[in-house]
There are 4 protein chains.
Amino acid sequence: MPYSHEIRVSWGDCDPARIAYTARIPAWALEAINGWWEHHFGGGWFQMEMDHNFGTPFVHMSLDFRHPITPRHRLICAVAPTRLGDTSVAWRVIGRQDGAVCFEGSFVCVFTIADQFRKAPPPRPCAPWCSSIWNPRQNSAIARAFRRMPIVRRQGIP
Amino acid sequence: MPYSHEIRVSWGDCDPARIAYTARIPAWALEAINGWWEHHFGGGWFQMEMDHNFGTPFVHMSLDFRHPITPRHRLICAVAPTRLGDTSVAWRVIGRQDGAVCFEGSFVCVFTIADQFRKAPPPRPCAPWCSSIWNPRQNSAIARAFRRMPIVRRQGIP
Amino acid sequence: MPYSHEIRVSWGDCDPARIAYTARIPAWALEAINGWWEHHFGGGWFQMEMDHNFGTPFVHMSLDFRHPITPRHRLICAVAPTRLGDTSVAWRVIGRQDGAVCFEGSFVCVFTIADQFRKAPPPRPCAPWCSSIWNPRQNSAIARAFRRMPIVRRQGIP
Amino acid sequence: MPYSHEIRVSWGDCDPARIAYTARIPAWALEAINGWWEHHFGGGWFQMEMDHNFGTPFVHMSLDFRHPITPRHRLICAVAPTRLGDTSVAWRVIGRQDGAVCFEGSFVCVFTIADQFRKAPPPRPCAPWCSSIWNPRQNSAIARAFRRMPIVRRQGIP
């Protein structure tokens with residue numbers, strides 16, 4: 001039961017072919033992954049970088065576009081982590097409208113120490129992830145662990 | 001009690017100053033106005049143009065930026081029409097985060113016949129608007145009238 | 001000697017990590033492919049769809065992000081078609097700043113009859129492409145052929 | 001003779017009405033103002049904030065949309081500062097395609113000390129601006145002064 005992220009597709013997302021412009025789709029997939037973090041961790045990339053000093057920049061993305069996307073339905077993006085490496089995490093995002101698969105995407109991020117822009121193992125609370133991928137109950141354990149992380153706001157952060 | 005449109009501000013909306021990039025703000029105000037139509041009319045600009053052959057292109061916008069916007073709170077945009085002219089409609093949009101006013105904007109659109117890109121009076125169901133601005137109960141009457149408009153999809157529309 | 005497309009990276013393209021936001025990168029790659037068409041064909045996707053009634057919607061994209069992109073240099077995107085199938089065309093885009101490879105991407109588009117949104121063989125002038133990929137002089141032959149295509153503007157097109 | 005900034009309007013900038021989506025226009029005006037800084041100062045907002053620790057956040061924008069914008073021509077944006085206050089600067093941006101005025105905009109920014117997000121007088125080299133607005137030769141004096149500013153990169157800046 002992966003996290004579901006709802007996108008409100010609208011007029012400004014569409015191109016003269018009257019369907020969502022291709023470049024909007026990877027942007028939505030990223031929004032959905034950020035939403036996964038917000039949901040499980042209690043804050044998205046902004047809070048991860050600014051308050052906890054870790055980042056997850058992307059090193060790879062691959063998308064297949066299966067069906068046009070229009071403003072006639074909400075776009076529901078299912079998001080799940082698929083692999084946790086020593087310093088990386090892979091994601092799967094599937095976008096559906098009215099039940100039909102519109103796109104499928106695979107993404108790979110690396111963990112970094114944000115203020116050094118340097119690769120690093122995932123922060124401690126991610127350790128149980130590997131198993132959690134097959135055992136969703138663990139996700140809430142991670143969430144609880146993340147939420148216990150002290151907030152150390154980086155200087156000059158709004 | 002104007003319509004409220006919720007925006008999920010995120011990492012990708014922020015610039016290196018760690019606040020939402022200015023150009024995102026008029027884009028959000030437009031999204032909120034489109035949301036007003038969706039809420040009251042049952043479809044946004046896409047359905048208005050594609051199924052009902054009327055458009056509302058913008059001829060003016062004016063915004064004051066009062067407070068930085070960050071991903072720490074949802075951005076709540078209050079939207080209300082403020083004036084209905086013979087062939088135009090004016091809007092007010094106020095964006096707030098955590099109770100603080102972040103921006104205020106005024107917008108003017110003209111009504112057009114979409115496939116002719118020609119100015120025209122608002123479609124019949126908008127007639128009672130003038131009064132409805134001061135009498136919100138009328139809004140639902142407009143909505144009902146709009147919903148009764150026959151759908152005449154323009155050719156080749158997804 | 002592929003086509004080179006210059007992108008002016010700026011403040012609004014960057015995120016709070018002070019580098020270009022990931023979702024900007026596929027958008028730039030698409031801009032660059034559109035620029036290829038403009039350069040070789042004399043018009044981009046807009047003219048192709050609106051004046052010549054053929055489209056090239058994307059069915060796949062895959063990108064590797066090798067190096068952060070900043071506003072300190074122009075981003076130079078080299079674009080080349082890599083394969084012309086019966087109803088598809090594949091592209092390679094490589095983005096560089098100050099000589100360093102920042103991203104590499106592969107893209108697949110299908111040819112469509114625009115007003116029917118239906119797959120179709122590429123329009124006649126593309127036929128010599130296969131060879132042209134290894135023989136750049138042919139590119140200008142294609143360009144000339146494209147430029148001779150009659151303009152048949154679709155109805156109601158600005 | 002104001003600074004001219006060229007925008008390559010393309011397919012992805014257009015909406016289903018087959019003209020540039022309204023929200024793209026303030027974004028382009030901002031790009032053009034950033035281009036003004038790049039041209040006169042030798043670096044845009046990124047370099048101003050990151051290397052010289054001053055910012056110019058927007059407090060107001062007002063735009064009139066006069067004519068639809070399409071990918072058929074480059075959009076040429078003329079940019080000029082119109083007023084330099086104690087802690088603010090106003091801009092005028094006029095966008096033209098094929099000679100026709102498409103939009104006109106007024107913008108107001110305040111000067112800030114970037115890492116404190118606090119209003120401040122413009123940095124020293126802006127002082128002669130007031131006069132330079134009527135005396136364009138002064139602009140190059142400002143540019144020279146700006147270019148002499150020592151670069152003091154803020155910590156952790158790419």
# chains A, B, ... in the order shown; residues from 1 in each chain; ligands from 1
$ interface_residues --of "chain C" --to "chain A" --cutoff "9 Å" --atoms "only C-alpha atoms" --output "JSON, numbers by chain"
{"C": [16, 17, 22, 23, 24, 26, 27, 28, 30, 46, 49, 50, 55, 57, 58, 59, 60, 61, 62, 63, 64, 65, 66, 67, 114, 115, 117]}
$ write_last_selection --atoms "C-alpha atoms" --output "mmCIF file, in the first residue's frame"
data_model
loop_
_atom_site.group_PDB
_atom_site.id
_atom_site.type_symbol
_atom_site.label_atom_id
_atom_site.label_comp_id
_atom_site.auth_asym_id
_atom_site.auth_seq_id
_atom_site.Cartn_x
_atom_site.Cartn_y
_atom_site.Cartn_z
ATOM 1 C CA PRO C 16 17.683 26.020 -1.861
ATOM 2 C CA ALA C 17 20.744 23.793 -2.444
ATOM 3 C CA THR C 22 16.315 18.483 -10.906
ATOM 4 C CA ALA C 23 12.952 18.942 -12.638
ATOM 5 C CA ARG C 24 14.377 21.820 -14.703
ATOM 6 C CA PRO C 26 14.360 17.273 -18.443
ATOM 7 C CA ALA C 27 12.526 20.508 -19.306
ATOM 8 C CA TRP C 28 15.766 21.944 -20.738
ATOM 9 C CA LEU C 30 13.057 19.060 -24.276
ATOM 10 C CA PHE C 46 4.383 24.502 -32.441
ATOM 11 C CA GLU C 49 1.615 20.645 -35.021
ATOM 12 C CA MET C 50 -0.173 23.825 -36.036
ATOM 13 C CA GLY C 55 3.383 15.735 -33.727
ATOM 14 C CA PRO C 57 4.878 13.078 -28.397
ATOM 15 C CA PHE C 58 7.352 11.489 -25.990
ATOM 16 C CA VAL C 59 6.956 7.879 -24.929
ATOM 17 C CA HIS C 60 10.190 7.551 -22.957
ATOM 18 C CA MET C 61 12.922 9.564 -21.303
ATOM 19 C CA SER C 62 15.952 8.485 -19.317
ATOM 20 C CA LEU C 63 18.468 10.865 -17.756
ATOM 21 C CA ASP C 64 21.663 10.585 -15.766
ATOM 22 C CA PHE C 65 22.676 13.581 -13.695
ATOM 23 C CA ARG C 66 26.456 13.804 -13.557
ATOM 24 C CA HIS C 67 27.294 17.258 -12.216
ATOM 25 C CA ALA C 114 -1.670 15.809 -34.794
ATOM 26 C CA ASP C 115 -5.395 16.377 -35.150
ATOM 27 C CA PHE C 117 -3.564 11.976 -32.026
#
$ atom_distance --atom1 "atom CA of C:Pro81" --atom2 "atom CA of C:Lys119"
18.8 Å
$ select_by_dssp --residues "stretch 11-118 of chain A" --states "alpha helix (DSSP H)" --output "list in words"
Arg24, Ile25, Pro26, Ala27, Trp28, Ala29, Leu30, Glu31, Ala32, Ile33, Asn34, Gly35, Trp36, Trp37, Glu38, His39, His40, Phe41, Trp45, Phe46, Gln47, Met48, Glu49, Met50, Asp51 and His52 of chain A
$ write_last_selection --atoms "C-alpha atoms" --output "short mmCIF file (atom, residue, chain, number, x, y, z; two decimals), in the first residue's frame"
data_model
loop_
_atom_site.label_atom_id
_atom_site.label_comp_id
_atom_site.auth_asym_id
_atom_site.auth_seq_id
_atom_site.Cartn_x
_atom_site.Cartn_y
_atom_site.Cartn_z
CA ARG A 24 5.43 18.59 -16.30
CA ILE A 25 5.45 14.83 -15.70
CA PRO A 26 8.92 14.34 -14.20
CA ALA A 27 8.23 17.49 -12.15
CA TRP A 28 5.07 15.87 -10.75
CA ALA A 29 6.89 12.62 -10.01
CA LEU A 30 9.42 14.61 -7.98
CA GLU A 31 6.60 16.41 -6.15
CA ALA A 32 5.17 13.00 -5.30
CA ILE A 33 8.48 11.71 -3.92
CA ASN A 34 8.80 14.88 -1.86
CA GLY A 35 5.27 14.19 -0.64
CA TRP A 36 6.33 10.69 0.41
CA TRP A 37 9.00 12.22 2.65
CA GLU A 38 6.53 14.74 4.02
CA HIS A 39 4.12 11.96 4.82
CA HIS A 40 6.58 9.50 6.37
CA PHE A 41 9.21 11.83 7.76
CA TRP A 45 13.31 18.00 1.09
CA PHE A 46 13.20 21.54 2.49
CA GLN A 47 13.06 20.40 6.10
CA MET A 48 15.49 17.53 5.46
CA GLU A 49 18.11 19.95 4.06
CA MET A 50 17.45 22.99 6.22
CA ASP A 51 16.69 21.43 9.61
CA HIS A 52 18.48 18.06 9.44
#
$ closest_residue --among "C:Cys102, C:Arg92, C:Phe54, C:Pro123" --to "C:Ile76" --atoms "only C-alpha atoms"
C:Cys102
$ residues_around --residues "D:Pro121" --least-positions-apart "6" --cutoff "9 Å" --atoms "only C-alpha atoms" --output "MDAnalysis selection string"
chainID D and resid 85:88 110:113
$ write_last_selection --atoms "N, CA and C atoms" --output "compact mmCIF listing (two decimals), in the first residue's frame"
# COMPACT_ATOMS: atom_id res chain seq x y z
N GLY D 85 15.24 54.35 -5.16
CA GLY D 85 14.93 54.95 -3.88
C GLY D 85 16.03 54.68 -2.87
N ASP D 86 15.80 55.04 -1.63
CA ASP D 86 16.82 54.82 -0.60
C ASP D 86 17.15 53.34 -0.45
N THR D 87 16.11 52.51 -0.49
CA THR D 87 16.34 51.06 -0.35
C THR D 87 15.57 50.26 -1.41
N SER D 88 15.24 50.92 -2.49
CA SER D 88 14.44 50.20 -3.49
C SER D 88 14.83 50.59 -4.92
N VAL D 110 13.22 45.67 -3.33
CA VAL D 110 13.98 46.32 -2.26
C VAL D 110 15.37 45.70 -2.21
N PHE D 111 16.32 46.50 -1.81
CA PHE D 111 17.66 45.96 -1.59
C PHE D 111 17.72 45.34 -0.20
N THR D 112 18.38 44.19 -0.12
CA THR D 112 18.55 43.54 1.19
C THR D 112 20.00 43.09 1.36
N ILE D 113 20.40 42.95 2.60
CA ILE D 113 21.62 42.20 2.92
C ILE D 113 21.20 40.74 2.89
$ atom_distance --atom1 "atom CA of B:Asp98" --atom2 "atom CA of B:His5"
14.2 Å
$ closest_residue --among "D:Cys109, D:Cys77, D:Leu84, D:Ala120" --to "D:Ile7" --atoms "only C-alpha atoms"
D:Cys77
$ select_by_dssp --residues "stretch 83-131 of chain B" --states "strand (DSSP E or B)" --output "list of chain:residue names"
B:Arg83, B:Leu84, B:Ser88, B:Val89, B:Ala90, B:Trp91, B:Arg92, B:Val93, B:Ile94, B:Gly95, B:Arg96, B:Gln97, B:Ala100, B:Val101, B:Cys102, B:Phe103, B:Glu104, B:Gly105, B:Ser106, B:Phe107, B:Val108, B:Cys109, B:Val110, B:Thr112, B:Ile113, B:Arg118, B:Lys119
